[in-house]
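Enquirer: The structure is given below, and queries will be raised subsequently.
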Amino acid sequence: MNHLAKVYLKLDLETGKENDVKTALKKVAGVKSADFVTGAHDLIATIEAKSFEDVVTKTLPEVRKIKGIKKTITDFAFEWA
């Protein structure tokens with residue numbers, strides 16, 4: 001069984017840039033969702049790719065180009081079955 005690599009990306013954003021960041025983020029290949037949240041972070045995105053290496057070498061560099069992002073935290077999701 002082949003599973004896609006799945007990542008939850010927590011983002012802290014610059015005030016006033018929230019909608020611009022969300023719009024740009026949803027255009028990045030591999031980003032499946034981007035939602036504003038309450039709590040410690042401003043937005044959480046779900047990323048899927050063929051491998052975790054693809055996330056790190058392809059998707060995250062594109063995310064880092066988006067203006068208005070102050071900080072990201074990347075959580076890799078794993079299957080334990």
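The way I read the labels, and the way they are meant: chains A, B, ... in the order of the structure tokens, residue 1 as the first residue of every chain, and ligand 1 as the first ligand shown, with later ones counted on from there.
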Find the residues near region 44-60 of chain A: any atom within 8 Å, counting only C-alpha atoms, skip ones fewer than 3 places away on the same chain, and give them as a ChimeraX atom specification.
Expert: /A:3-11,28-37,41,63-64,76
Enquirer: Restricting the output to C-alpha atoms, write the selected residues as a tab-separated table (two decimals), in the first residue's frame.
Expert:
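The resulting selection.tsv:
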```
chain	number	residue	atom	x	y	z
A	3	HIS	CA	0.60	6.29	1.28
A	4	LEU	CA	1.24	9.92	0.59
A	5	ALA	CA	3.40	11.85	2.99
A	6	LYS	CA	1.14	14.15	5.02
A	7	VAL	CA	2.25	17.28	6.85
A	8	TYR	CA	0.47	19.81	9.03
A	9	LEU	CA	2.01	23.25	8.68
A	10	LYS	CA	1.27	25.76	11.45
A	11	LEU	CA	1.79	29.38	10.42
A	28	VAL	CA	1.35	25.97	-3.88
A	29	ALA	CA	1.54	22.43	-5.28
A	30	GLY	CA	0.80	19.89	-2.56
A	31	VAL	CA	-1.18	22.21	-0.29
A	32	LYS	CA	-4.55	20.49	0.16
A	33	SER	CA	-6.14	22.88	2.65
A	34	ALA	CA	-5.43	26.11	4.50
A	35	ASP	CA	-7.63	27.15	7.41
A	36	PHE	CA	-7.59	30.01	9.88
A	37	VAL	CA	-7.60	28.71	13.45
A	41	HIS	CA	-1.15	29.94	15.48
A	63	VAL	CA	5.81	28.30	1.01
A	64	ARG	CA	8.78	30.26	2.37
A	76	PHE	CA	4.92	15.31	9.95
```
Enquirer: So which residues of chain A fall under helix (DSSP H, G or I) by DSSP, listed as a list in words?
Expert: Glu18, Asn19, Asp20, Val21, Lys22, Thr23, Ala24, Leu25, Phe52, Glu53, Asp54, Val55, Val56, Thr57, Lys58, Thr59, Leu60, Pro61, Glu62, Val63 and Arg64 of chain A
Enquirer: Generate a file of the selected residues that holds N, CA and C atoms, formatted as a PDB file, in the first residue's frame.
Expert:
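part_9.pdb written:
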```
ATOM      1  N   GLU A  18      -3.267  38.150   6.346  1.00  0.00           N
ATOM      2  CA  GLU A  18      -3.863  36.825   6.486  1.00  0.00           C
ATOM      3  C   GLU A  18      -4.484  36.302   5.183  1.00  0.00           C
ATOM      4  N   ASN A  19      -5.353  37.075   4.574  1.00  0.00           N
ATOM      5  CA  ASN A  19      -6.034  36.604   3.356  1.00  0.00           C
ATOM      6  C   ASN A  19      -5.070  36.433   2.192  1.00  0.00           C
ATOM      7  N   ASP A  20      -4.096  37.341   2.060  1.00  0.00           N
ATOM      8  CA  ASP A  20      -3.102  37.223   0.986  1.00  0.00           C
ATOM      9  C   ASP A  20      -2.290  35.943   1.136  1.00  0.00           C
ATOM     10  N   VAL A  21      -1.884  35.646   2.374  1.00  0.00           N
ATOM     11  CA  VAL A  21      -1.093  34.436   2.622  1.00  0.00           C
ATOM     12  C   VAL A  21      -1.917  33.193   2.314  1.00  0.00           C
ATOM     13  N   LYS A  22      -3.162  33.161   2.789  1.00  0.00           N
ATOM     14  CA  LYS A  22      -4.009  31.990   2.554  1.00  0.00           C
ATOM     15  C   LYS A  22      -4.216  31.763   1.054  1.00  0.00           C
ATOM     16  N   THR A  23      -4.480  32.816   0.314  1.00  0.00           N
ATOM     17  CA  THR A  23      -4.690  32.704  -1.131  1.00  0.00           C
ATOM     18  C   THR A  23      -3.435  32.177  -1.822  1.00  0.00           C
ATOM     19  N   ALA A  24      -2.269  32.730  -1.473  1.00  0.00           N
ATOM     20  CA  ALA A  24      -1.007  32.295  -2.078  1.00  0.00           C
ATOM     21  C   ALA A  24      -0.679  30.852  -1.694  1.00  0.00           C
ATOM     22  N   LEU A  25      -0.918  30.512  -0.449  1.00  0.00           N
ATOM     23  CA  LEU A  25      -0.613  29.173   0.052  1.00  0.00           C
ATOM     24  C   LEU A  25      -1.406  28.105  -0.698  1.00  0.00           C
ATOM     25  N   PHE A  52       8.175  12.602   2.210  1.00  0.00           N
ATOM     26  CA  PHE A  52       8.532  13.709   3.097  1.00  0.00           C
ATOM     27  C   PHE A  52       9.665  14.527   2.496  1.00  0.00           C
ATOM     28  N   GLU A  53      10.536  13.855   1.748  1.00  0.00           N
ATOM     29  CA  GLU A  53      11.623  14.563   1.070  1.00  0.00           C
ATOM     30  C   GLU A  53      11.057  15.586   0.072  1.00  0.00           C
ATOM     31  N   ASP A  54      10.017  15.209  -0.652  1.00  0.00           N
ATOM     32  CA  ASP A  54       9.383  16.155  -1.579  1.00  0.00           C
ATOM     33  C   ASP A  54       8.810  17.366  -0.840  1.00  0.00           C
ATOM     34  N   VAL A  55       8.228  17.123   0.320  1.00  0.00           N
ATOM     35  CA  VAL A  55       7.696  18.238   1.111  1.00  0.00           C
ATOM     36  C   VAL A  55       8.822  19.193   1.470  1.00  0.00           C
ATOM     37  N   VAL A  56       9.927  18.648   1.963  1.00  0.00           N
ATOM     38  CA  VAL A  56      11.042  19.471   2.440  1.00  0.00           C
ATOM     39  C   VAL A  56      11.783  20.163   1.295  1.00  0.00           C
ATOM     40  N   THR A  57      11.947  19.477   0.168  1.00  0.00           N
ATOM     41  CA  THR A  57      12.758  20.044  -0.913  1.00  0.00           C
ATOM     42  C   THR A  57      11.956  20.809  -1.956  1.00  0.00           C
ATOM     43  N   LYS A  58      10.658  20.548  -2.064  1.00  0.00           N
ATOM     44  CA  LYS A  58       9.847  21.196  -3.109  1.00  0.00           C
ATOM     45  C   LYS A  58       8.771  22.119  -2.540  1.00  0.00           C
ATOM     46  N   THR A  59       7.938  21.601  -1.644  1.00  0.00           N
ATOM     47  CA  THR A  59       6.791  22.377  -1.172  1.00  0.00           C
ATOM     48  C   THR A  59       7.202  23.475  -0.190  1.00  0.00           C
ATOM     49  N   LEU A  60       7.953  23.140   0.831  1.00  0.00           N
ATOM     50  CA  LEU A  60       8.304  24.150   1.843  1.00  0.00           C
ATOM     51  C   LEU A  60       9.103  25.326   1.288  1.00  0.00           C
ATOM     52  N   PRO A  61      10.037  25.115   0.354  1.00  0.00           N
ATOM     53  CA  PRO A  61      10.716  26.287  -0.224  1.00  0.00           C
ATOM     54  C   PRO A  61       9.744  27.245  -0.930  1.00  0.00           C
ATOM     55  N   GLU A  62       8.704  26.701  -1.559  1.00  0.00           N
ATOM     56  CA  GLU A  62       7.705  27.559  -2.201  1.00  0.00           C
ATOM     57  C   GLU A  62       6.888  28.321  -1.162  1.00  0.00           C
ATOM     58  N   VAL A  63       6.560  27.648  -0.074  1.00  0.00           N
ATOM     59  CA  VAL A  63       5.815  28.301   1.010  1.00  0.00           C
ATOM     60  C   VAL A  63       6.637  29.453   1.588  1.00  0.00           C
ATOM     61  N   ARG A  64       7.919  29.237   1.757  1.00  0.00           N
ATOM     62  CA  ARG A  64       8.781  30.262   2.371  1.00  0.00           C
ATOM     63  C   ARG A  64       8.914  31.519   1.521  1.00  0.00           C
TER      64      ARG A  64
END
```
Enquirer: Based on the backbone DSSP call, show me all residues of region 5-79 of chain A assigned strand (DSSP E or B), as a ChimeraX atom specification.
Expert: /A:5-13,31-36,43-49,69-77
Enquirer: What is the CA of Lys26 (chain A) to CA of Trp80 (chain A) distance in Å?
Expert: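 Taking CA of Lys26 (chain A) and CA of Trp80 (chain A), their separation equals 28.5 Å.
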Enquirer: Kindly indicate which residue among A:Ile73, A:Ile66, A:Thr38, A:Glu79 lies nearest to Lys17 (chain A), using only C-alpha atoms for the distances.
Expert: A:Ile66
